[in-house]
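Colleague: Enclosed is the structure file input.cif (mmCIF, C-alpha atoms).
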```cif
data_run
loop_
_atom_site.label_atom_id
_atom_site.label_comp_id
_atom_site.auth_asym_id
_atom_site.auth_seq_id
_atom_site.Cartn_x
_atom_site.Cartn_y
_atom_site.Cartn_z
CA MET A 1 26.25 -17.19 -24.41
CA THR A 2 28.81 -15.67 -26.70
CA SER A 3 31.60 -13.49 -25.53
CA SER A 4 30.02 -10.39 -26.99
CA ALA A 5 27.06 -10.86 -24.71
CA SER A 6 29.10 -11.85 -21.67
CA PRO A 7 28.73 -9.64 -18.62
CA PHE A 8 32.51 -9.71 -18.32
CA HIS A 9 33.17 -8.33 -21.81
CA PRO A 10 34.51 -4.74 -21.55
CA SER A 11 32.05 -3.27 -24.06
CA THR A 12 29.13 -4.96 -22.33
CA ARG A 13 30.28 -3.60 -18.99
CA LEU A 14 30.40 -0.06 -20.39
CA VAL A 15 26.93 -0.31 -21.90
CA THR A 16 25.58 -1.86 -18.69
CA ALA A 17 27.02 1.08 -16.76
CA LEU A 18 25.28 3.49 -19.13
CA VAL A 19 21.99 1.60 -18.82
CA LEU A 20 22.29 1.82 -15.05
CA PHE A 21 23.13 5.52 -15.35
CA SER A 22 19.99 6.10 -17.41
CA VAL A 23 17.92 4.36 -14.74
CA LEU A 24 19.66 6.50 -12.12
CA ALA A 25 18.88 9.71 -14.03
CA THR A 26 15.18 8.98 -14.41
CA GLY A 27 15.05 7.73 -10.83
CA ILE A 28 16.36 11.10 -9.68
CA GLY A 29 13.73 12.90 -11.73
CA GLN A 30 10.84 10.74 -10.57
CA SER A 31 11.79 11.02 -6.90
CA MET A 32 12.12 14.78 -7.26
CA THR A 33 8.59 14.90 -8.66
CA PHE A 34 7.17 12.87 -5.78
CA ALA A 35 8.99 15.02 -3.24
CA LEU A 36 7.74 18.26 -4.77
CA LEU A 37 4.27 17.41 -6.03
CA ALA A 38 2.41 17.83 -2.73
CA PRO A 39 3.73 21.32 -1.87
CA LEU A 40 3.83 22.34 -5.54
CA GLY A 41 0.22 21.30 -6.09
CA ARG A 42 -0.93 23.27 -3.08
CA GLU A 43 0.98 26.34 -4.29
CA VAL A 44 -1.13 26.40 -7.48
CA GLY A 45 -4.39 25.67 -5.64
CA LEU A 46 -4.85 21.94 -6.28
CA LYS A 47 -6.57 19.74 -3.71
CA GLU A 48 -5.08 16.54 -2.34
CA ILE A 49 -7.35 14.30 -4.41
CA GLN A 50 -6.54 16.27 -7.57
CA ILE A 51 -2.84 15.73 -6.99
CA GLY A 52 -3.51 12.05 -6.41
CA LEU A 53 -5.40 11.85 -9.72
CA ILE A 54 -2.36 13.18 -11.58
CA ILE A 55 -0.35 10.19 -10.37
CA THR A 56 -3.25 7.80 -10.88
CA SER A 57 -3.84 8.77 -14.51
CA SER A 58 -0.18 8.61 -15.48
CA SER A 59 0.25 5.29 -13.66
CA LEU A 60 -2.73 3.84 -15.52
CA VAL A 61 -1.18 4.79 -18.84
CA PHE A 62 2.18 3.37 -17.75
CA THR A 63 0.48 0.11 -16.78
CA LEU A 64 -1.30 -0.23 -20.12
CA THR A 65 1.68 0.67 -22.30
CA SER A 66 4.42 -1.28 -20.50
CA PRO A 67 3.40 -4.72 -21.86
CA LEU A 68 3.16 -3.24 -25.36
CA TRP A 69 6.67 -1.82 -25.12
CA GLY A 70 7.88 -5.13 -23.68
CA ARG A 71 6.79 -7.04 -26.78
CA THR A 72 8.11 -4.24 -28.99
CA CYS A 73 11.43 -4.58 -27.22
CA ASP A 74 11.67 -8.23 -28.35
CA ARG A 75 10.85 -7.17 -31.90
CA TRP A 76 12.81 -3.93 -32.35
CA GLY A 77 15.65 -4.61 -29.93
CA ARG A 78 16.70 -3.16 -26.59
CA LYS A 79 18.41 0.04 -27.74
CA PRO A 80 15.65 1.76 -29.77
CA VAL A 81 13.00 1.04 -27.15
CA LEU A 82 15.24 2.25 -24.33
CA LEU A 83 15.95 5.47 -26.23
CA VAL A 84 12.23 6.07 -26.83
CA GLY A 85 11.70 5.84 -23.09
CA GLN A 86 14.63 8.06 -22.15
CA PHE A 87 13.98 10.86 -24.63
CA GLY A 88 10.26 10.60 -23.90
CA TYR A 89 10.95 11.21 -20.25
CA VAL A 90 12.95 14.34 -21.07
CA LEU A 91 10.14 15.75 -23.23
CA GLY A 92 7.35 14.91 -20.80
CA SER A 93 9.12 16.20 -17.72
CA LEU A 94 9.95 19.50 -19.41
CA LEU A 95 6.31 19.98 -20.38
CA PHE A 96 5.14 19.05 -16.88
CA ALA A 97 7.49 21.55 -15.23
CA THR A 98 6.56 24.28 -17.68
CA VAL A 99 2.84 23.87 -16.97
CA PHE A 100 3.50 24.48 -13.28
CA LEU A 101 5.81 27.37 -14.12
CA PHE A 102 2.91 29.15 -15.81
CA GLY A 103 0.69 28.16 -12.90
CA LEU A 104 3.02 29.74 -10.34
CA LYS A 105 3.21 32.91 -12.43
CA GLY A 106 -0.58 33.09 -12.63
CA ALA A 107 -0.73 32.61 -16.40
CA LEU A 108 -2.55 29.29 -15.96
CA SER A 109 -5.07 28.34 -13.30
CA GLY A 110 -8.10 26.23 -12.57
CA LEU A 111 -9.28 23.50 -14.92
CA LEU A 112 -6.94 24.41 -17.79
CA LEU A 113 -3.85 24.11 -15.59
CA TYR A 114 -5.08 20.82 -14.20
CA VAL A 115 -5.83 19.32 -17.61
CA LEU A 116 -2.44 20.37 -18.98
CA ALA A 117 -0.66 18.96 -15.92
CA ILE A 118 -2.37 15.59 -16.33
CA SER A 119 -1.81 15.58 -20.11
CA SER A 120 1.91 16.24 -19.84
CA ARG A 121 2.30 13.58 -17.17
CA VAL A 122 0.33 11.06 -19.25
CA LEU A 123 2.48 11.78 -22.31
CA MET A 124 5.62 11.18 -20.28
CA ALA A 125 4.21 7.94 -18.83
CA SER A 126 3.30 6.54 -22.25
CA LEU A 127 6.90 6.97 -23.41
CA ILE A 128 8.98 6.37 -20.27
CA SER A 129 7.20 3.01 -19.87
CA ALA A 130 9.42 1.76 -22.70
CA ALA A 131 12.61 2.19 -20.67
CA PRO A 132 12.16 -0.28 -17.75
CA SER A 133 11.20 -3.13 -20.09
CA ALA A 134 14.25 -2.57 -22.27
CA ALA A 135 16.60 -2.12 -19.31
CA SER A 136 15.50 -5.31 -17.55
CA ALA A 137 15.58 -7.26 -20.83
CA TYR A 138 19.14 -6.02 -21.45
CA VAL A 139 20.18 -7.19 -17.98
CA ALA A 140 18.55 -10.58 -18.62
CA ASP A 141 20.38 -10.82 -21.97
CA THR A 142 23.76 -10.18 -20.39
CA THR A 143 23.50 -12.31 -17.24
CA THR A 144 23.30 -16.03 -16.60
CA ASP A 145 20.54 -17.58 -14.51
CA ARG A 146 22.87 -17.64 -11.49
CA GLN A 147 23.63 -13.93 -11.92
CA ARG A 148 20.05 -12.84 -12.56
CA VAL A 149 19.10 -11.90 -9.01
CA VAL A 150 22.27 -9.84 -8.61
CA GLY A 151 21.75 -8.23 -12.02
CA MET A 152 18.20 -7.23 -11.23
CA GLY A 153 19.39 -6.08 -7.82
CA ARG A 154 21.87 -3.73 -9.48
CA LEU A 155 19.13 -2.39 -11.71
CA GLY A 156 16.97 -1.78 -8.67
CA ALA A 157 19.93 -0.28 -6.80
CA ALA A 158 20.47 2.26 -9.59
CA ARG A 159 16.83 3.24 -9.42
CA THR A 160 17.03 3.41 -5.65
CA LEU A 161 20.18 5.51 -5.72
CA GLY A 162 18.19 7.93 -7.85
CA THR A 163 15.56 8.11 -5.13
CA ILE A 164 18.33 8.85 -2.62
CA LEU A 165 19.93 11.62 -4.63
CA GLY A 166 16.69 13.06 -6.00
CA PRO A 167 15.04 14.23 -2.76
CA GLY A 168 18.30 15.65 -1.46
CA MET A 169 18.85 17.55 -4.69
CA ALA A 170 15.21 18.63 -4.66
CA GLY A 171 15.55 19.98 -1.14
CA ALA A 172 18.71 21.90 -2.02
CA LEU A 173 17.41 23.25 -5.33
CA ALA A 174 14.02 24.13 -3.82
CA ALA A 175 15.81 27.04 -2.17
CA ILE A 176 16.14 28.49 -5.68
CA GLY A 177 12.58 27.63 -6.68
CA LEU A 178 10.18 24.71 -6.49
CA LEU A 179 10.57 23.99 -10.21
CA ALA A 180 14.36 24.17 -10.43
CA PRO A 181 14.81 20.47 -9.48
CA LEU A 182 12.53 19.32 -12.30
CA TYR A 183 14.49 21.19 -14.97
CA VAL A 184 17.80 19.90 -13.60
CA ALA A 185 16.44 16.34 -13.66
CA ALA A 186 15.39 16.70 -17.30
CA ALA A 187 18.90 17.91 -18.18
CA GLY A 188 20.48 14.89 -16.46
CA ALA A 189 18.17 12.48 -18.28
CA LEU A 190 19.03 14.16 -21.58
CA VAL A 191 22.76 13.60 -20.97
CA SER A 192 22.22 9.90 -20.23
CA SER A 193 20.03 9.52 -23.33
CA VAL A 194 22.65 11.03 -25.63
CA LEU A 195 25.38 8.78 -24.18
CA LEU A 196 23.23 5.69 -24.73
CA ALA A 197 22.49 6.72 -28.30
CA LEU A 198 26.21 7.07 -29.04
CA VAL A 199 27.60 4.00 -27.26
CA MET A 200 24.97 1.28 -26.82
CA LYS A 201 24.87 -1.78 -29.08
CA GLU A 202 22.41 -4.63 -29.09
CA PRO A 203 23.34 -7.63 -26.92
CA THR A 204 23.78 -10.84 -28.92
CA ARG A 205 20.67 -12.57 -27.66
CA SER A 206 18.32 -9.75 -28.66
CA ALA A 207 20.20 -8.87 -31.84
CA HIS A 208 19.59 -12.34 -33.33
CA ARG A 209 15.82 -12.47 -33.14
CA SER A 210 13.66 -14.59 -35.38
CA GLY A 211 9.90 -14.63 -35.88
CA ARG A 212 7.21 -12.77 -33.98
CA PRO A 213 7.92 -12.19 -30.27
CA PRO A 214 5.73 -14.23 -27.92
CA ARG A 215 2.60 -12.71 -26.42
CA LEU A 216 2.56 -13.76 -22.80
CA ARG A 217 -0.66 -14.37 -20.95
CA LEU A 218 -1.31 -12.24 -17.88
CA PHE A 219 -2.35 -15.20 -15.76
CA ASP A 220 0.49 -17.51 -16.74
CA ARG A 221 1.24 -19.60 -13.63
CA ARG A 222 4.97 -19.26 -14.17
CA TYR A 223 5.15 -15.60 -13.23
CA PHE A 224 1.65 -14.51 -12.16
CA PRO A 225 2.35 -14.98 -8.40
CA PHE A 226 5.29 -12.60 -8.67
CA MET A 227 3.07 -10.04 -10.39
CA VAL A 228 0.49 -10.31 -7.60
CA VAL A 229 3.23 -9.55 -5.09
CA GLY A 230 4.51 -6.64 -7.17
CA VAL A 231 1.11 -4.99 -7.67
CA GLY A 232 0.02 -5.52 -4.07
CA THR A 233 3.27 -4.18 -2.66
CA PHE A 234 3.18 -1.00 -4.70
CA LEU A 235 -0.54 -0.51 -4.16
CA SER A 236 0.06 -0.26 -0.43
CA PHE A 237 3.27 1.72 -0.87
CA SER A 238 1.60 4.28 -3.16
CA MET A 239 -1.08 5.01 -0.56
CA VAL A 240 1.65 5.99 1.86
CA SER A 241 4.10 7.68 -0.49
CA GLN A 242 1.42 9.91 -2.04
CA THR A 243 0.14 11.14 1.34
CA ILE A 244 3.33 11.29 3.38
CA GLY A 245 4.07 14.83 2.15
CA PHE A 246 0.67 16.00 3.38
CA TYR A 247 1.26 14.10 6.63
CA PHE A 248 4.58 15.86 7.19
CA GLN A 249 3.04 19.26 6.50
CA ASP A 250 -0.17 18.82 8.51
CA ARG A 251 1.23 16.86 11.47
CA PHE A 252 4.08 19.30 12.14
CA VAL A 253 2.56 22.50 10.62
CA LEU A 254 5.25 23.14 7.98
CA ASP A 255 5.28 25.55 5.06
CA GLY A 256 5.73 24.38 1.46
CA GLN A 257 9.49 24.77 1.25
CA THR A 258 10.14 23.17 4.65
CA THR A 259 7.81 20.31 3.72
CA ALA A 260 9.75 19.68 0.51
CA GLN A 261 13.00 19.57 2.46
CA ALA A 262 11.61 17.29 5.18
CA ILE A 263 9.99 14.81 2.81
CA GLY A 264 13.14 14.89 0.71
CA MET A 265 15.20 13.85 3.72
CA GLY A 266 12.71 11.10 4.57
CA MET A 267 12.84 9.75 1.04
CA MET A 268 16.63 9.83 1.17
CA VAL A 269 16.65 7.71 4.33
CA SER A 270 14.12 5.30 2.86
CA ALA A 271 16.03 4.99 -0.39
CA SER A 272 19.35 4.56 1.45
CA MET A 273 17.99 1.54 3.27
CA SER A 274 16.58 0.21 0.01
CA LEU A 275 19.99 0.64 -1.63
CA PHE A 276 21.60 -1.22 1.27
CA ALA A 277 19.17 -4.09 0.74
CA GLN A 278 19.67 -4.24 -3.03
CA SER A 279 23.43 -3.73 -3.16
CA PHE A 280 24.50 -5.60 -0.03
CA LEU A 281 21.89 -8.03 1.25
CA VAL A 282 20.83 -9.30 -2.17
CA ARG A 283 24.43 -9.82 -3.31
CA ARG A 284 26.01 -11.05 -0.09
CA ALA A 285 23.23 -13.08 1.50
CA GLY A 286 22.55 -15.03 -1.70
CA MET A 287 18.80 -15.13 -1.08
CA THR A 288 16.42 -16.54 -3.68
CA PRO A 289 13.61 -14.37 -5.11
CA ARG A 290 11.04 -16.07 -2.90
CA ARG A 291 13.13 -15.54 0.22
CA LEU A 292 13.57 -11.84 -0.58
CA ILE A 293 9.80 -11.45 -0.84
CA LYS A 294 9.12 -13.40 2.35
CA VAL A 295 11.50 -11.22 4.35
CA GLY A 296 10.61 -7.87 2.77
CA LEU A 297 6.82 -7.95 3.12
CA PRO A 298 6.78 -8.32 6.94
CA LEU A 299 9.12 -5.33 7.19
CA LEU A 300 6.63 -3.22 5.26
CA LEU A 301 3.84 -4.58 7.44
CA VAL A 302 5.66 -3.22 10.48
CA GLY A 303 6.77 0.00 8.82
CA TYR A 304 3.44 1.48 7.78
CA PRO A 305 1.75 1.71 11.21
CA SER A 306 5.03 2.77 12.83
CA LEU A 307 4.85 6.07 10.89
CA LEU A 308 1.83 7.04 12.96
CA LEU A 309 3.87 6.81 16.16
CA ALA A 310 6.41 9.46 15.15
CA GLY A 311 6.38 12.44 17.49
CA SER A 312 8.83 14.60 15.57
CA VAL A 313 10.09 15.20 12.05
CA PRO A 314 13.45 13.42 12.66
CA MET A 315 11.64 10.37 14.07
CA LEU A 316 9.29 10.21 11.09
CA VAL A 317 12.25 10.54 8.74
CA GLY A 318 14.04 7.68 10.50
CA LEU A 319 11.01 5.38 10.47
CA MET A 320 10.76 5.75 6.71
CA GLY A 321 13.95 3.67 6.56
CA ILE A 322 11.93 0.56 7.46
CA LEU A 323 9.85 1.04 4.34
CA GLY A 324 12.95 1.40 2.19
CA LEU A 325 14.48 -1.78 3.57
CA GLY A 326 11.35 -3.80 2.94
CA LEU A 327 10.81 -2.44 -0.55
CA GLY A 328 14.49 -2.97 -1.37
CA LEU A 329 14.06 -6.69 -0.74
CA VAL A 330 10.65 -7.23 -2.36
CA ALA A 331 11.37 -5.34 -5.62
CA PRO A 332 14.34 -7.44 -6.89
CA GLY A 333 12.57 -10.52 -5.53
CA PHE A 334 9.49 -10.35 -7.73
CA THR A 335 11.44 -8.92 -10.69
CA ALA A 336 14.11 -11.64 -10.73
CA GLY A 337 11.55 -14.32 -9.93
CA ALA A 338 9.48 -13.44 -13.00
CA SER A 339 12.57 -13.18 -15.22
CA LEU A 340 13.85 -16.60 -14.15
CA SER A 341 10.46 -18.18 -14.82
CA VAL A 342 10.62 -17.64 -18.62
CA GLY A 343 13.06 -18.32 -21.46
CA PRO A 344 15.45 -15.95 -23.26
CA GLU A 345 12.99 -15.22 -26.08
CA GLU A 346 10.38 -14.01 -23.56
CA GLN A 347 12.52 -11.63 -21.50
CA GLY A 348 11.27 -8.43 -23.14
CA ALA A 349 7.65 -9.49 -22.87
CA VAL A 350 7.88 -10.51 -19.20
CA GLY A 351 9.92 -7.38 -18.53
CA GLY A 352 7.01 -5.30 -19.82
CA LEU A 353 4.55 -7.12 -17.58
CA VAL A 354 6.75 -6.82 -14.51
CA SER A 355 7.50 -3.15 -15.21
CA ALA A 356 3.76 -2.53 -15.21
CA CYS A 357 3.37 -3.88 -11.66
CA PRO A 358 4.61 -0.80 -9.75
CA ALA A 359 2.60 1.49 -12.03
CA ALA A 360 -0.48 -0.69 -11.60
CA GLY A 361 -0.17 -0.21 -7.86
CA PHE A 362 0.02 3.53 -8.40
CA VAL A 363 -3.19 3.57 -10.46
CA ALA A 364 -5.54 3.15 -7.52
CA GLY A 365 -3.17 3.71 -4.60
CA PRO A 366 -2.80 7.50 -4.76
CA LEU A 367 -6.54 7.97 -5.31
CA ILE A 368 -7.40 5.67 -2.41
CA GLY A 369 -4.73 7.19 -0.20
CA THR A 370 -5.65 10.82 -0.80
CA SER A 371 -9.38 10.08 -0.47
CA LEU A 372 -8.83 8.34 2.86
CA TYR A 373 -6.49 11.10 3.99
CA GLN A 374 -9.22 13.71 3.55
CA VAL A 375 -11.41 11.67 5.90
CA ASN A 376 -8.74 10.94 8.50
CA HIS A 377 -4.98 11.36 8.33
CA VAL A 378 -4.26 7.89 9.72
CA TYR A 379 -6.52 5.91 7.38
CA PRO A 380 -4.09 5.52 4.41
CA TYR A 381 -1.48 3.95 6.68
CA LEU A 382 -3.91 1.58 8.35
CA CYS A 383 -5.36 0.60 4.97
CA ALA A 384 -1.88 -0.13 3.59
CA CYS A 385 -1.16 -2.30 6.61
CA LEU A 386 -4.41 -4.24 6.24
CA LEU A 387 -3.70 -4.86 2.54
CA LEU A 388 -0.30 -6.36 3.33
CA VAL A 389 -1.67 -8.94 5.76
CA PRO A 390 -3.26 -11.23 3.10
CA LEU A 391 -0.45 -10.44 0.66
CA THR A 392 2.18 -11.60 3.15
CA LEU A 393 0.23 -14.80 3.83
CA TYR A 394 -0.10 -15.37 0.08
CA ALA A 395 3.65 -14.91 -0.43
CA TRP A 396 4.47 -17.40 2.31
CA ARG A 397 2.22 -20.00 0.68
CA LEU A 398 3.70 -19.67 -2.78
CA ASP A 399 4.78 -22.97 -4.30
CA ARG A 400 8.42 -23.10 -5.29
CA PRO A 401 8.70 -22.77 -9.10
CA PRO A 402 10.26 -25.76 -10.82
CA GLY A 403 14.03 -25.58 -10.79
CA LYS A 404 14.13 -22.45 -8.59
#
```
In structure tokens, how does this file's structure come out?

Modeller:
Amino acid sequence: MTSSASPFHPSTRLVTALVLFSVLATGIGQSMTFALLAPLGREVGLKEIQIGLIITSSSLVFTLTSPLWGRTCDRWGRKPVLLVGQFGYVLGSLLFATVFLFGLKGALSGLLLYVLAISSRVLMASLISAAPSAASAYVADTTTDRQRVVGMGRLGAARTLGTILGPGMAGALAAIGLLAPLYVAAAGALVSSVLLALVMKEPTRSAHRSGRPPRLRLFDRRYFPFMVVGVGTFLSFSMVSQTIGFYFQDRFVLDGQTTAQAIGMGMMVSASMSLFAQSFLVRRAGMTPRRLIKVGLPLLLVGYPSLLLAGSVPMLVGLMGILGLGLGLVAPGFTAGASLSVGPEEQGAVGGLVSACPAAGFVAGPLIGTSLYQVNHVYPYLCACLLLVPLTLYAWRLDRPPGK
């Protein structure tokens, strides 16, 4: 690795900080959306399953486009693909917020509002899916194998910090209006995008490309087990995260604004524990990707049914911390594990596949979760728990990859 690509080179450190800031900005926006979507959807007359379908459709598009952007990232370079994702997020989120603005004012309603809401979210998903692939490929370009887990942990920590700040900001700004947080998030993402456009340069390893980038097979034994873990983890998590707002509101009889504030606090606690896992445990404990997965999944297995035992809003908020801790260990585990399983010329491609894993979980998860929730409020949490049982056993039986 040349000095220009070294993680200790001053210019590389600055660009890395900006990449992490861009991940932070979009993380804030996404967490704001999740915190607000349940009460916001009900304010404009949408049913639970309709709100779930908004997330499902955008997640499906994200899943399908992420691998394409990953290969494009190896061909075009990290910077242009990252900028497509960042500016695409700004455009899509502005359109999404504006649709609901007209809905709240009564200018849009019914099927037209619903179609426009899904369309704007799908547009955003098709573009923002470029950013995670480019960001993870940049981290892989500028870290050694020994630093990879820590590098991916920092990337995850930036995203997690966004989920900490986002709900808190959403709760505070919701006092002004339910849509104010979404417009503020778009402005923050725009600032980070402009800074990247002005400062970022291609890392050496991606700048000196030759030939057509490799097309990785989905079922490649090198990284497929890590993808199974990623999809399964986020499938179960999406069932819970998409219904927890309804659970808060219905279990404790809250209005829309109070629900947004309560779920925002719960997401802050969850994300804080995830940040602790990614910034402290991953760096200090020196655990391998497989070990992170094998510790994180049992925590999630305990966390999901524990939510049903909460007798008050503060208790439910506190129990969400278990989910954050588990997810904070599993996410850098499967991400770093997949990255370490391939060579430098395949980092963009595998980054696209890995970035699709969370979105793939959110394709079916919200639809399953909201459908089960309409039958019985406890079913999404029990279903998530049952899904994690075979996944945890599968993770514990994984063969150690060669050289890892």

Colleague: Nearest to Thr33 in chain A: which of A:Ala107, A:Met227, A:Ala331, A:Ala170 is it, counting all atoms listed in the file?

Modeller: A:Ala170

Colleague: Hey, which of A:Ala137, A:Leu218, A:Leu18, A:Leu104 ends up closest to Pro344 in chain A? Count all atoms listed in the file.

Modeller: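 Among the listed residues, A:Ala137 lies closest to Pro344 in chain A.
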
Colleague: Using 10 Å as the limit and counting all atoms listed in the file, can you tabulate each residue of range 93-207 of chain A that touches range 258-275 of chain A, with its shortest atom-to-atom distance in Å and the two atoms involved, as CSV?

Modeller:
```
residue,atom,partner,partner_atom,distance
A:Gly153,CA,A:Leu275,CA,9.2
A:Arg154,CA,A:Leu275,CA,9.2
A:Gly156,CA,A:Leu275,CA,8.0
A:Ala157,CA,A:Leu275,CA,5.3
A:Ala158,CA,A:Leu275,CA,8.1
A:Arg159,CA,A:Leu275,CA,8.8
A:Thr160,CA,A:Ala271,CA,5.6
A:Leu161,CA,A:Leu275,CA,6.4
A:Gly162,CA,A:Ala271,CA,8.3
A:Thr163,CA,A:Ala271,CA,5.7
A:Ile164,CA,A:Met268,CA,4.3
A:Leu165,CA,A:Met268,CA,6.9
A:Gly166,CA,A:Gly264,CA,7.8
A:Pro167,CA,A:Gly264,CA,4.0
A:Gly168,CA,A:Gly264,CA,5.6
A:Met169,CA,A:Gly264,CA,8.3
A:Ala170,CA,A:Gly264,CA,6.9
A:Gly171,CA,A:Gln261,CA,4.4
A:Ala172,CA,A:Gln261,CA,7.6
A:Leu173,CA,A:Gln261,CA,9.7
A:Ala174,CA,A:Ala260,CA,7.5
A:Ala175,CA,A:Gln261,CA,9.2
A:Leu178,CA,A:Ala260,CA,8.6
```

Colleague: Select, counting only C-alpha atoms, all protein, DNA and RNA residues no farther than 12 Å from (-3.8, 0.5, 4.2) in file coordinates, and express the selection as a PyMOL selection string.

Modeller: chain A and resi 232-241+243+300-305+365-366+368-370+372-373+377-391

Colleague: For the structure shown, which residues end up in the PyMOL selection byres ((chain A and resi 59) around 10)? Put them as a list in words, please?

Modeller: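 For this structure, the PyMOL selection byres ((chain A and resi 59) around 10) captures Leu53, Ile54, Ile55, Thr56, Ser57, Ser58, Leu60, Val61, Phe62, Thr63, Leu64, Thr65, Arg121, Val122, Ala125, Ser126, Ser129, Ala356, Cys357, Pro358, Ala359, Ala360, Gly361, Phe362, Val363, Ala364, Gly365 and Pro366 of chain A.
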
Colleague: Which value, in Å to one decimal, gives the distance between CA of Val84 in chain A and CA of Gly348 in chain A?

Modeller: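 Computing it gives 15.0 Å between the two atoms.
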
Colleague: Go through A:Arg13, A:Arg221, A:Arg148, A:Arg251 and flag the residue nearest Arg283 in chain A, using all atoms listed in the file for the distances.

Modeller: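 Looking only at the distances to Arg283 in chain A, the closest residue turns out to be A:Arg148.
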
Colleague: Provide the CA of Tyr138 in chain A to CA of Met32 in chain A distance in Å, to one decimal place.

Modeller: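 Going from CA of Tyr138 in chain A over to CA of Met32 in chain A covers 26.1 Å.
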